[in-house]
>>> print(open('work_26.json').read())   # JSON, C-alpha atoms
[["chain", "number", "residue", "atom", "x", "y", "z"],
["A", 163, "MET", "CA", -81.10, -89.16, 195.23],
["A", 164, "ASN", "CA", -80.86, -92.67, 196.69],
["A", 165, "ALA", "CA", -77.14, -93.29, 196.55],
["A", 166, "ALA", "CA", -75.37, -96.50, 197.51],
["A", 167, "VAL", "CA", -71.66, -96.42, 198.34],
["A", 168, "VAL", "CA", -69.91, -99.76, 197.86],
["A", 169, "VAL", "CA", -67.40, -100.56, 200.58],
["A", 170, "PHE", "CA", -64.53, -103.00, 200.06],
["A", 171, "PRO", "CA", -61.88, -103.96, 202.62],
["A", 172, "GLY", "CA", -59.09, -101.38, 202.31],
["A", 173, "ILE", "CA", -61.29, -98.59, 200.96],
["A", 174, "ASN", "CA", -60.77, -95.36, 202.92],
["A", 175, "ARG", "CA", -62.67, -92.58, 201.13],
["A", 176, "GLU", "CA", -66.17, -93.93, 201.65],
["A", 177, "ARG", "CA", -67.00, -91.54, 204.48],
["A", 178, "ASP", "CA", -65.77, -88.48, 202.58],
["A", 179, "MET", "CA", -67.93, -89.62, 199.68],
["A", 180, "ALA", "CA", -70.95, -90.22, 201.91],
["A", 181, "ARG", "CA", -70.52, -86.78, 203.43],
["A", 182, "ALA", "CA", -70.41, -85.06, 200.05],
["A", 183, "LEU", "CA", -73.45, -87.02, 198.80],
["A", 184, "THR", "CA", -75.38, -86.14, 201.97],
["A", 185, "LEU", "CA", -74.51, -82.44, 201.68],
["A", 186, "PHE", "CA", -76.02, -82.18, 198.23],
["A", 187, "SER", "CA", -78.88, -84.63, 198.24],
["A", 188, "GLY", "CA", -80.07, -84.12, 201.78],
["A", 189, "SER", "CA", -80.10, -87.83, 202.53],
["A", 190, "ALA", "CA", -77.31, -90.14, 203.58],
["A", 191, "PRO", "CA", -76.30, -92.86, 201.13],
["A", 192, "THR", "CA", -76.59, -96.51, 202.04],
["A", 193, "MET", "CA", -73.23, -98.16, 202.63],
["A", 194, "VAL", "CA", -73.17, -101.53, 200.86],
["A", 195, "TRP", "CA", -70.66, -104.19, 201.88],
["A", 196, "HIS", "CA", -68.65, -105.95, 199.18],
["A", 197, "ALA", "CA", -69.94, -109.40, 200.16],
["A", 198, "ASP", "CA", -73.58, -108.36, 199.66],
["A", 199, "THR", "CA", -75.20, -109.61, 196.50],
["A", 200, "ALA", "CA", -77.87, -106.96, 196.00],
["A", 201, "LEU", "CA", -78.15, -103.18, 196.03],
["A", 202, "PRO", "CA", -80.85, -101.59, 198.21],
["A", 203, "ASP", "CA", -84.24, -101.26, 196.51],
["A", 204, "GLY", "CA", -84.70, -97.88, 194.89],
["A", 205, "THR", "CA", -80.97, -97.18, 194.44],
["A", 206, "ASP", "CA", -80.50, -94.61, 191.70],
["A", 207, "LEU", "CA", -76.77, -93.92, 192.01],
["A", 208, "VAL", "CA", -73.96, -96.34, 192.86],
["A", 209, "VAL", "CA", -70.64, -94.88, 193.96],
["A", 210, "VAL", "CA", -67.43, -96.88, 194.14],
["A", 211, "PRO", "CA", -65.14, -94.76, 196.34],
["A", 212, "GLY", "CA", -61.40, -94.43, 196.58],
["A", 213, "GLY", "CA", -58.87, -96.15, 198.79],
["A", 214, "PHE", "CA", -56.73, -99.24, 198.56],
["A", 215, "SER", "CA", -59.10, -102.17, 198.18],
["A", 216, "TYR", "CA", -57.37, -105.42, 199.12],
["A", 217, "GLY", "CA", -54.15, -103.50, 199.62],
["A", 218, "ASP", "CA", -53.82, -102.99, 195.85],
["A", 219, "TYR", "CA", -52.75, -106.65, 195.67],
["A", 220, "LEU", "CA", -52.37, -108.21, 192.20],
["A", 221, "ARG", "CA", -53.42, -105.01, 190.38],
["A", 222, "CYS", "CA", -55.23, -101.98, 191.78],
["A", 223, "GLY", "CA", -58.93, -102.83, 191.88],
["A", 224, "ALA", "CA", -58.48, -106.33, 190.47],
["A", 225, "ILE", "CA", -59.78, -108.27, 193.44],
["A", 226, "ALA", "CA", -62.56, -105.82, 194.32],
["A", 227, "ALA", "CA", -63.80, -106.03, 190.72],
["A", 228, "ARG", "CA", -64.54, -109.74, 191.30],
["A", 229, "ALA", "CA", -66.35, -109.25, 194.64],
["A", 230, "PRO", "CA", -69.94, -110.56, 194.97],
["A", 231, "ILE", "CA", -71.55, -107.08, 194.95],
["A", 232, "MET", "CA", -70.04, -106.28, 191.55],
["A", 233, "ASP", "CA", -72.50, -108.54, 189.71],
["A", 234, "ALA", "CA", -75.29, -106.39, 191.12],
["A", 235, "VAL", "CA", -73.40, -103.22, 190.11],
["A", 236, "ARG", "CA", -72.96, -104.61, 186.58],
["A", 237, "ALA", "CA", -76.67, -105.41, 186.33],
["A", 238, "PHE", "CA", -77.54, -101.95, 187.68],
["A", 239, "ALA", "CA", -75.33, -100.31, 185.04],
["A", 240, "ALA", "CA", -76.77, -102.55, 182.31],
["A", 241, "ASN", "CA", -80.22, -101.23, 183.27],
["A", 242, "GLY", "CA", -79.00, -97.67, 182.79],
["A", 243, "GLY", "CA", -78.36, -96.85, 186.45],
["A", 244, "LEU", "CA", -75.74, -94.17, 187.14],
["A", 245, "VAL", "CA", -72.42, -95.43, 188.49],
["A", 246, "LEU", "CA", -69.57, -93.17, 189.66],
["A", 247, "GLY", "CA", -66.09, -94.52, 190.41],
["A", 248, "VAL", "CA", -63.46, -92.28, 191.98],
["A", 249, "CYS", "CA", -59.74, -93.13, 192.20],
["A", 250, "ASN", "CA", -59.59, -96.78, 193.29],
["A", 251, "GLY", "CA", -63.26, -96.84, 192.24],
["A", 252, "PHE", "CA", -62.20, -95.90, 188.68],
["A", 253, "GLN", "CA", -59.60, -98.68, 188.75],
["A", 254, "ILE", "CA", -62.23, -101.13, 190.01],
["A", 255, "LEU", "CA", -64.71, -100.16, 187.26],
["A", 256, "CYS", "CA", -62.01, -100.69, 184.61],
["A", 257, "GLU", "CA", -61.06, -104.06, 186.09],
["A", 258, "ALA", "CA", -64.75, -105.00, 186.21],
["A", 259, "GLY", "CA", -65.13, -104.28, 182.51],
["A", 260, "LEU", "CA", -67.61, -101.45, 183.12],
["A", 261, "LEU", "CA", -65.14, -98.96, 181.64],
["A", 262, "PRO", "CA", -62.51, -99.57, 178.94],
["A", 263, "GLY", "CA", -58.75, -99.36, 179.41],
["A", 264, "ALA", "CA", -56.59, -99.66, 182.50],
["A", 265, "LEU", "CA", -54.72, -97.51, 185.01],
["A", 266, "MET", "CA", -50.99, -98.10, 185.16],
["A", 267, "ARG", "CA", -48.23, -96.90, 187.47],
["A", 268, "ASN", "CA", -47.78, -93.12, 187.23],
["A", 269, "ALA", "CA", -45.26, -92.20, 184.55],
["A", 270, "GLY", "CA", -43.09, -90.50, 187.18],
["A", 271, "LEU", "CA", -43.28, -93.62, 189.41],
["A", 272, "LYS", "CA", -44.24, -91.54, 192.44],
["A", 273, "PHE", "CA", -47.43, -91.52, 194.45],
["A", 274, "ILE", "CA", -49.02, -88.14, 193.69],
["A", 275, "CYS", "CA", -50.89, -86.40, 196.49],
["A", 276, "HIS", "CA", -51.75, -82.77, 195.69],
["A", 277, "ASP", "CA", -54.32, -80.70, 193.83],
["A", 278, "ALA", "CA", -54.68, -81.11, 190.08],
["A", 279, "TYR", "CA", -56.41, -78.90, 187.54],
["A", 280, "LEU", "CA", -59.04, -80.54, 185.38],
["A", 281, "ARG", "CA", -60.67, -79.20, 182.26],
["A", 282, "VAL", "CA", -64.34, -80.17, 182.08],
["A", 283, "GLU", "CA", -64.81, -81.40, 178.52],
["A", 284, "ARG", "CA", -68.58, -81.87, 178.68],
["A", 285, "ALA", "CA", -71.33, -80.29, 180.73],
["A", 286, "ASP", "CA", -74.16, -82.26, 179.14],
["A", 287, "THR", "CA", -73.92, -85.39, 181.32],
["A", 288, "PRO", "CA", -75.72, -86.10, 184.61],
["A", 289, "PHE", "CA", -72.31, -86.08, 186.29],
["A", 290, "THR", "CA", -71.06, -82.78, 184.92],
["A", 291, "GLN", "CA", -74.14, -80.62, 184.39],
["A", 292, "GLY", "CA", -73.11, -78.60, 187.44],
["A", 293, "TYR", "CA", -70.12, -77.29, 185.45],
["A", 294, "LYS", "CA", -69.61, -75.32, 182.25],
["A", 295, "LYS", "CA", -67.88, -76.85, 179.24],
["A", 296, "GLY", "CA", -64.24, -75.80, 179.27],
["A", 297, "GLN", "CA", -64.35, -74.82, 182.95],
["A", 298, "VAL", "CA", -61.16, -75.56, 184.88],
["A", 299, "ILE", "CA", -61.62, -77.04, 188.35],
["A", 300, "ARG", "CA", -59.09, -77.73, 191.09],
["A", 301, "VAL", "CA", -59.50, -81.18, 192.62],
["A", 302, "PRO", "CA", -57.16, -83.23, 194.82],
["A", 303, "VAL", "CA", -55.54, -86.42, 193.56],
["A", 304, "ALA", "CA", -53.98, -89.18, 195.67],
["A", 305, "HIS", "CA", -52.79, -92.12, 193.62],
["A", 306, "GLY", "CA", -49.83, -94.15, 192.49],
["A", 307, "GLU", "CA", -51.59, -95.80, 189.56],
["A", 308, "GLY", "CA", -53.56, -93.21, 187.63],
["A", 309, "ASN", "CA", -51.81, -93.40, 184.28],
["A", 310, "TYR", "CA", -54.66, -94.21, 181.92],
["A", 311, "VAL", "CA", -53.92, -96.49, 178.96],
["A", 312, "ALA", "CA", -56.07, -98.09, 176.29],
["A", 313, "ASP", "CA", -55.48, -99.48, 172.81],
["A", 314, "SER", "CA", -55.65, -97.07, 169.88],
["A", 315, "GLU", "CA", -59.08, -98.29, 168.76],
["A", 316, "THR", "CA", -60.54, -97.65, 172.23],
["A", 317, "LEU", "CA", -58.91, -94.22, 172.37],
["A", 318, "ALA", "CA", -60.31, -93.30, 168.97],
["A", 319, "ARG", "CA", -63.77, -94.29, 170.18],
["A", 320, "LEU", "CA", -63.39, -92.37, 173.45],
["A", 321, "GLU", "CA", -62.45, -89.24, 171.48],
["A", 322, "GLY", "CA", -64.97, -89.77, 168.69],
["A", 323, "GLU", "CA", -67.86, -90.44, 171.05],
["A", 324, "ARG", "CA", -66.88, -87.54, 173.36],
["A", 325, "ARG", "CA", -66.44, -89.86, 176.29],
["A", 326, "ILE", "CA", -63.41, -88.09, 177.76],
["A", 327, "VAL", "CA", -65.09, -85.93, 180.39],
["A", 328, "PHE", "CA", -62.13, -84.59, 182.41],
["A", 329, "ARG", "CA", -58.55, -83.93, 181.30],
["A", 330, "TYR", "CA", -55.56, -82.84, 183.35],
["A", 331, "ALA", "CA", -54.84, -79.24, 182.36],
["A", 332, "SER", "CA", -53.00, -76.11, 183.39],
["A", 333, "PRO", "CA", -54.83, -73.61, 185.65],
["A", 334, "ASP", "CA", -55.87, -71.73, 182.51],
["A", 335, "GLY", "CA", -57.12, -74.85, 180.75],
["A", 336, "MET", "CA", -54.22, -75.70, 178.44],
["A", 337, "ILE", "CA", -53.57, -79.40, 177.82],
["A", 338, "ASP", "CA", -49.82, -79.66, 178.28],
["A", 339, "PRO", "CA", -47.53, -82.57, 179.24],
["A", 340, "GLU", "CA", -46.22, -80.44, 182.10],
["A", 341, "TRP", "CA", -49.67, -80.49, 183.73],
["A", 342, "ASN", "CA", -50.51, -84.09, 182.86],
["A", 343, "ILE", "CA", -49.55, -85.24, 186.34],
["A", 344, "ASN", "CA", -49.44, -89.00, 185.80],
["A", 345, "GLY", "CA", -48.72, -89.38, 182.09],
["A", 346, "SER", "CA", -52.24, -90.49, 181.10],
["A", 347, "ILE", "CA", -52.76, -90.83, 177.38],
["A", 348, "TYR", "CA", -54.62, -87.78, 176.00],
["A", 349, "ALA", "CA", -54.34, -86.34, 179.55],
["A", 350, "ILE", "CA", -57.38, -88.43, 180.50],
["A", 351, "ALA", "CA", -58.58, -87.88, 184.07],
["A", 352, "GLY", "CA", -62.13, -89.18, 183.67],
["A", 353, "ILE", "CA", -64.15, -91.12, 181.09],
["A", 354, "LEU", "CA", -67.68, -92.31, 180.44],
["A", 355, "ASN", "CA", -68.80, -95.72, 179.25],
["A", 356, "GLU", "CA", -70.46, -96.07, 175.85],
["A", 357, "ARG", "CA", -73.97, -95.51, 177.20],
["A", 358, "GLY", "CA", -72.92, -92.50, 179.25],
["A", 359, "ASN", "CA", -74.19, -93.80, 182.60],
["A", 360, "VAL", "CA", -70.86, -94.90, 184.13],
["A", 361, "LEU", "CA", -68.17, -92.31, 184.96],
["A", 362, "GLY", "CA", -64.69, -93.12, 186.26],
["A", 363, "MET", "CA", -62.25, -90.44, 187.39],
["A", 364, "MET", "CA", -58.98, -90.46, 189.32],
["A", 365, "PRO", "CA", -59.29, -87.10, 191.16],
["A", 366, "HIS", "CA", -61.41, -86.73, 194.31],
["A", 367, "PRO", "CA", -64.23, -84.18, 193.87],
["A", 368, "GLU", "CA", -65.66, -85.30, 197.23],
["A", 369, "ASN", "CA", -62.71, -83.66, 198.97],
["A", 370, "HIS", "CA", -63.41, -80.19, 197.58],
["A", 371, "VAL", "CA", -66.98, -79.53, 198.61],
["A", 372, "GLU", "CA", -66.65, -77.50, 201.79],
["A", 373, "ALA", "CA", -65.40, -73.92, 202.06],
["A", 374, "GLN", "CA", -63.36, -74.69, 205.18],
["A", 375, "ILE", "CA", -61.09, -76.86, 203.02],
["A", 376, "GLY", "CA", -60.27, -73.85, 200.87],
["A", 377, "CYS", "CA", -61.82, -74.94, 197.59],
["A", 378, "THR", "CA", -65.31, -76.00, 196.55],
["A", 379, "ASP", "CA", -64.67, -76.96, 192.92],
["A", 380, "GLY", "CA", -65.89, -80.51, 193.57],
["A", 381, "ARG", "CA", -69.39, -79.28, 194.33],
["A", 382, "GLY", "CA", -70.46, -79.12, 190.69],
["A", 383, "LEU", "CA", -70.39, -82.89, 190.35],
["A", 384, "PHE", "CA", -72.59, -83.56, 193.40],
["A", 385, "ALA", "CA", -74.87, -80.58, 192.74],
["A", 386, "GLY", "CA", -75.29, -81.79, 189.16],
["A", 387, "LEU", "CA", -76.18, -85.30, 190.29],
["A", 388, "ALA", "CA", -78.62, -84.00, 192.89],
["A", 389, "GLN", "CA", -80.21, -81.81, 190.21],
["A", 390, "HIS", "CA", -80.41, -84.80, 187.87],
["A", 391, "PHE", "CA", -82.37, -86.73, 190.48],
["A", 392, "GLY", "CA", -84.47, -83.74, 191.45],
["A", 393, "SER", "CA", -83.26, -83.80, 195.01],
["A", 394, "SER", "CA", -81.23, -80.62, 194.98],
["A", 395, "ARG", "CA", -81.21, -78.67, 198.21],
["A", 396, "GLY", "CA", -80.80, -75.52, 196.16],
["B", 212, "MET", "CA", -49.45, -130.89, 189.94],
["B", 213, "LYS", "CA", -47.30, -127.81, 189.98],
["B", 214, "ALA", "CA", -47.83, -125.08, 187.47],
["B", 215, "LYS", "CA", -46.71, -121.57, 186.70],
["B", 216, "VAL", "CA", -48.61, -118.71, 185.13],
["B", 217, "PHE", "CA", -46.43, -115.96, 183.66],
["B", 218, "VAL", "CA", -48.06, -112.57, 183.23],
["B", 219, "THR", "CA", -46.27, -109.94, 181.14],
["B", 220, "LEU", "CA", -47.19, -106.53, 179.79],
["B", 221, "LYS", "CA", -48.26, -106.42, 176.17],
["B", 222, "SER", "CA", -45.77, -104.85, 173.82],
["B", 223, "GLY", "CA", -46.53, -101.18, 173.33],
["B", 224, "ILE", "CA", -47.76, -100.75, 176.91],
["B", 225, "LEU", "CA", -45.42, -98.39, 178.72],
["B", 226, "ASP", "CA", -43.76, -100.02, 181.70],
["B", 227, "PRO", "CA", -42.44, -97.30, 184.03],
["B", 228, "GLN", "CA", -41.38, -99.89, 186.64],
["B", 229, "GLY", "CA", -39.40, -101.84, 184.04],
["B", 230, "LYS", "CA", -37.78, -98.59, 182.93],
["B", 231, "ALA", "CA", -36.77, -97.78, 186.50],
["B", 232, "ILE", "CA", -35.30, -101.28, 186.97],
["B", 233, "GLU", "CA", -33.50, -100.92, 183.65],
["B", 234, "GLY", "CA", -32.02, -97.62, 184.83],
["B", 235, "ALA", "CA", -30.91, -99.18, 188.11],
["B", 236, "LEU", "CA", -29.24, -102.13, 186.34],
["B", 237, "LYS", "CA", -27.43, -99.73, 184.02],
["B", 238, "SER", "CA", -26.28, -97.61, 186.93],
["B", 239, "LEU", "CA", -24.99, -100.77, 188.63],
["B", 240, "GLY", "CA", -22.93, -101.34, 185.51],
["B", 241, "VAL", "CA", -24.45, -104.77, 184.74],
["B", 242, "ASP", "CA", -22.93, -105.60, 181.39],
["B", 243, "GLY", "CA", -25.02, -105.53, 178.20],
["B", 244, "VAL", "CA", -28.49, -104.73, 179.58],
["B", 245, "LEU", "CA", -30.48, -103.21, 176.73],
["B", 246, "SER", "CA", -33.96, -103.08, 178.18],
["B", 247, "VAL", "CA", -36.13, -104.50, 181.00],
["B", 248, "ARG", "CA", -39.85, -105.29, 181.10],
["B", 249, "GLN", "CA", -41.23, -106.53, 184.41],
["B", 250, "GLY", "CA", -44.00, -109.03, 185.00],
["B", 251, "LYS", "CA", -45.35, -111.57, 187.47],
["B", 252, "VAL", "CA", -45.05, -115.32, 188.03],
["B", 253, "PHE", "CA", -47.70, -117.29, 189.94],
["B", 254, "ASP", "CA", -46.74, -120.71, 191.36],
["B", 255, "ILE", "CA", -49.95, -122.69, 191.54],
["B", 256, "GLU", "CA", -50.66, -126.19, 192.83],
["B", 257, "ILE", "CA", -53.50, -128.00, 191.09],
["B", 258, "ALA", "CA", -55.30, -131.07, 192.45],
["B", 259, "GLY", "CA", -55.26, -134.29, 190.40],
["B", 260, "ASP", "CA", -53.06, -135.23, 187.48],
["B", 261, "ASP", "CA", -55.22, -134.41, 184.47],
["B", 262, "ARG", "CA", -53.12, -131.99, 182.46],
["B", 263, "GLN", "CA", -55.92, -130.88, 180.16],
["B", 264, "ARG", "CA", -58.19, -130.04, 183.07],
["B", 265, "ALA", "CA", -55.34, -128.27, 184.82],
["B", 266, "GLU", "CA", -54.58, -126.23, 181.73],
["B", 267, "ALA", "CA", -58.23, -125.25, 181.36],
["B", 268, "ALA", "CA", -58.40, -124.23, 185.02],
["B", 269, "LEU", "CA", -55.20, -122.20, 184.78],
["B", 270, "LYS", "CA", -56.40, -120.42, 181.66],
["B", 271, "GLU", "CA", -59.66, -119.59, 183.40],
["B", 272, "ALA", "CA", -57.70, -118.31, 186.41],
["B", 273, "ALA", "CA", -55.56, -116.11, 184.17],
["B", 274, "ASP", "CA", -58.45, -114.81, 182.07],
["B", 275, "ARG", "CA", -60.70, -114.06, 185.01],
["B", 276, "LEU", "CA", -58.23, -112.71, 187.55],
["B", 277, "LEU", "CA", -54.48, -113.17, 187.23],
["B", 278, "ALA", "CA", -54.06, -111.14, 184.05],
["B", 279, "ASN", "CA", -55.80, -108.00, 182.83],
["B", 280, "THR", "CA", -55.90, -108.85, 179.16],
["B", 281, "VAL", "CA", -56.39, -105.18, 178.28],
["B", 282, "ILE", "CA", -52.74, -104.62, 179.14],
["B", 283, "GLU", "CA", -51.21, -108.04, 179.82],
["B", 284, "ASN", "CA", -50.46, -111.35, 178.13],
["B", 285, "TYR", "CA", -50.10, -114.63, 179.97],
["B", 286, "ARG", "CA", -48.53, -118.02, 179.46],
["B", 287, "VAL", "CA", -49.29, -121.23, 181.36],
["B", 288, "GLU", "CA", -46.63, -123.83, 182.14],
["B", 289, "ILE", "CA", -47.50, -127.17, 183.77],
["B", 290, "GLY", "CA", -44.98, -129.44, 185.47]]
>>> encode(input="work_26.json", output="structure tokens")
Amino acid sequence: MNAAVVVFPGINRERDMARALTLFSGSAPTMVWHADTALPDGTDLVVVPGGFSYGDYLRCGAIAARAPIMDAVRAFAANGGLVLGVCNGFQILCEAGLLPGALMRNAGLKFICHDAYLRVERADTPFTQGYKKGQVIRVPVAHGEGNYVADSETLARLEGERRIVFRYASPDGMIDPEWNINGSIYAIAGILNERGNVLGMMPHPENHVEAQIGCTDGRGLFAGLAQHFGSSRG
Amino acid sequence: MKAKVFVTLKSGILDPQGKAIEGALKSLGVDGVLSVRQGKVFDIEIAGDDRQRAEAALKEAADRLLANTVIENYRVEIG
């Protein structure tokens, strides 16, 4: 798995992401600076990590989405390359037009920083094949703007084309407003693009991969990707 | 030339910040406030005095960066 992690000024989860990718693929990802105009040769996964690119100025992810490297990321995605955006990375991919919709201020107006429960809606994608359909995983969130919105036509397509991959749920997998931490429509925590090669999600699977942390529910995503690229360390 | 670009949330998009401001105004007892939607204003200086060119540039600025047209509308005002 030749992963590239895109680094923007103000991003702060790139090292956590690199660590998780290294643990499961056996090789360290290449860190790519936002002002670069090309991805390394042989890149097969691009990850846009979390943080606060450009201090969340204008709108979260808005300025990063227009950075020079994003043209290369767009071209990579258009060629079918896998792209993963987490947290601010999800916001950036939406702002870049690689994913539909937008992420608004949390319904409760507060920055949310705790674990959330996600129901895995699909296990037949390169990103989620390390999980079982319907499995509930516990993954940390840390965001102020994770409240997913889209117009009704987009939402109908997301549902109809099974592109909602993760939903906020109760620990036993019920979709309930009480457990929809940020007010996202349809409890959306993660979605795929139309072609299925770009995934955006607000929670941070890269922070639940090591037993010392107390939970390893994030492993499935990285193990699944490593398996997809045939570079699993077992 | 001086110009302004107003960016506002589309109707139907929930505006939790506007709601919080609305609640604060009501708790202050400001008379007659029914609802609040918040937005942004950009004060922009444009070189030259060609209004048509300025308008085209401002629209490009709004479409490409200042507004996210998935959730926001914008209006350009010159002069």
>>> closest_atom_pairs(input="work_26.json", of="range 242-261 of chain A", to="range 306-310 of chain A", cutoff="12 Å", atoms="only C-alpha atoms", output="Markdown table")
| residue | atom | partner | partner_atom | distance |
| --- | --- | --- | --- | --- |
| A:Val248 | CA | A:Gly308 | CA | 10.9 |
| A:Cys249 | CA | A:Gly308 | CA | 7.7 |
| A:Asn250 | CA | A:Glu307 | CA | 8.9 |
| A:Gly251 | CA | A:Gly308 | CA | 11.3 |
| A:Phe252 | CA | A:Gly308 | CA | 9.1 |
| A:Gln253 | CA | A:Gly308 | CA | 8.2 |
| A:Ile254 | CA | A:Glu307 | CA | 11.9 |
| A:Cys256 | CA | A:Tyr310 | CA | 10.2 |
| A:Leu261 | CA | A:Tyr310 | CA | 11.5 |
>>> residues_near_point(input="work_26.json", point="(-48.2, -115.2, 178.1)", cutoff="7 Å", atoms="only C-alpha atoms", output="PDB file with C-alpha atoms, in the coordinates of the input")
ATOM      1  CA  PHE B 217     -46.430-115.960 183.660  1.00  0.00           C
ATOM      2  CA  VAL B 218     -48.060-112.570 183.230  1.00  0.00           C
ATOM      3  CA  THR B 219     -46.270-109.940 181.140  1.00  0.00           C
ATOM      4  CA  ASN B 284     -50.460-111.350 178.130  1.00  0.00           C
ATOM      5  CA  TYR B 285     -50.100-114.630 179.970  1.00  0.00           C
ATOM      6  CA  ARG B 286     -48.530-118.020 179.460  1.00  0.00           C
ATOM      7  CA  VAL B 287     -49.290-121.230 181.360  1.00  0.00           C
TER       8      VAL B 287
END
>>> interface_residues(input="work_26.json", of="chain B", to="chain A", cutoff="10 Å", atoms="only C-alpha atoms", output="mmCIF file with C-alpha atoms, keeping the file's coordinate frame")
data_model
loop_
_atom_site.group_PDB
_atom_site.id
_atom_site.type_symbol
_atom_site.label_atom_id
_atom_site.label_comp_id
_atom_site.auth_asym_id
_atom_site.auth_seq_id
_atom_site.Cartn_x
_atom_site.Cartn_y
_atom_site.Cartn_z
ATOM 1 C CA GLY B 223 -46.530 -101.180 173.330
ATOM 2 C CA ILE B 224 -47.760 -100.750 176.910
ATOM 3 C CA LEU B 225 -45.420 -98.390 178.720
ATOM 4 C CA ASP B 226 -43.760 -100.020 181.700
ATOM 5 C CA PRO B 227 -42.440 -97.300 184.030
ATOM 6 C CA GLN B 228 -41.380 -99.890 186.640
ATOM 7 C CA LYS B 230 -37.780 -98.590 182.930
ATOM 8 C CA ALA B 231 -36.770 -97.780 186.500
ATOM 9 C CA LYS B 251 -45.350 -111.570 187.470
ATOM 10 C CA ARG B 275 -60.700 -114.060 185.010
ATOM 11 C CA LEU B 276 -58.230 -112.710 187.550
ATOM 12 C CA LEU B 277 -54.480 -113.170 187.230
ATOM 13 C CA ALA B 278 -54.060 -111.140 184.050
ATOM 14 C CA ASN B 279 -55.800 -108.000 182.830
ATOM 15 C CA THR B 280 -55.900 -108.850 179.160
ATOM 16 C CA VAL B 281 -56.390 -105.180 178.280
ATOM 17 C CA ILE B 282 -52.740 -104.620 179.140
#
>>> residues_around(input="work_26.json", residues="Ile289 in chain B", least_positions_apart="5", cutoff="12 Å", atoms="all atoms listed in the file", output="list of chain:residue names")
B:Met212, B:Lys213, B:Ala214, B:Lys215, B:Val216, B:Phe217, B:Phe253, B:Asp254, B:Ile255, B:Glu256, B:Ile257, B:Asp260, B:Asp261, B:Arg262, B:Gln263, B:Arg264, B:Ala265, B:Glu266, B:Ala267, B:Ala268, B:Leu269, B:Lys270
>>> write_last_selection(input="work_26.json", atoms="C-alpha atoms", output="mmCIF file, in the frame of the given file")
data_model
loop_
_atom_site.group_PDB
_atom_site.id
_atom_site.type_symbol
_atom_site.label_atom_id
_atom_site.label_comp_id
_atom_site.auth_asym_id
_atom_site.auth_seq_id
_atom_site.Cartn_x
_atom_site.Cartn_y
_atom_site.Cartn_z
ATOM 1 C CA MET B 212 -49.450 -130.890 189.940
ATOM 2 C CA LYS B 213 -47.300 -127.810 189.980
ATOM 3 C CA ALA B 214 -47.830 -125.080 187.470
ATOM 4 C CA LYS B 215 -46.710 -121.570 186.700
ATOM 5 C CA VAL B 216 -48.610 -118.710 185.130
ATOM 6 C CA PHE B 217 -46.430 -115.960 183.660
ATOM 7 C CA PHE B 253 -47.700 -117.290 189.940
ATOM 8 C CA ASP B 254 -46.740 -120.710 191.360
ATOM 9 C CA ILE B 255 -49.950 -122.690 191.540
ATOM 10 C CA GLU B 256 -50.660 -126.190 192.830
ATOM 11 C CA ILE B 257 -53.500 -128.000 191.090
ATOM 12 C CA ASP B 260 -53.060 -135.230 187.480
ATOM 13 C CA ASP B 261 -55.220 -134.410 184.470
ATOM 14 C CA ARG B 262 -53.120 -131.990 182.460
ATOM 15 C CA GLN B 263 -55.920 -130.880 180.160
ATOM 16 C CA ARG B 264 -58.190 -130.040 183.070
ATOM 17 C CA ALA B 265 -55.340 -128.270 184.820
ATOM 18 C CA GLU B 266 -54.580 -126.230 181.730
ATOM 19 C CA ALA B 267 -58.230 -125.250 181.360
ATOM 20 C CA ALA B 268 -58.400 -124.230 185.020
ATOM 21 C CA LEU B 269 -55.200 -122.200 184.780
ATOM 22 C CA LYS B 270 -56.400 -120.420 181.660
#
>>> atom_distance(input="work_26.json", atom1="CA of Gly292 in chain A", atom2="CA of Gly352 in chain A")
15.7 Å
>>> axis_aligned_box(input="work_26.json", around="range 370-384 of chain A", padding_each_side="5 Å", output="lines of an AutoDock Vina configuration file")
center_x = -66.4
center_y = -78.7
center_z = 197.8
size_x = 22.3
size_y = 19.7
size_z = 24.8
>>> atom_distance(input="work_26.json", atom1="CA of Phe170 in chain A", atom2="CA of His196 in chain A")
5.1 Å
>>> closest_residue(input="work_26.json", among="A:Tyr330, A:Phe289, A:Tyr279, A:Tyr348", to="Val209 in chain A", atoms="only C-alpha atoms")
A:Phe289
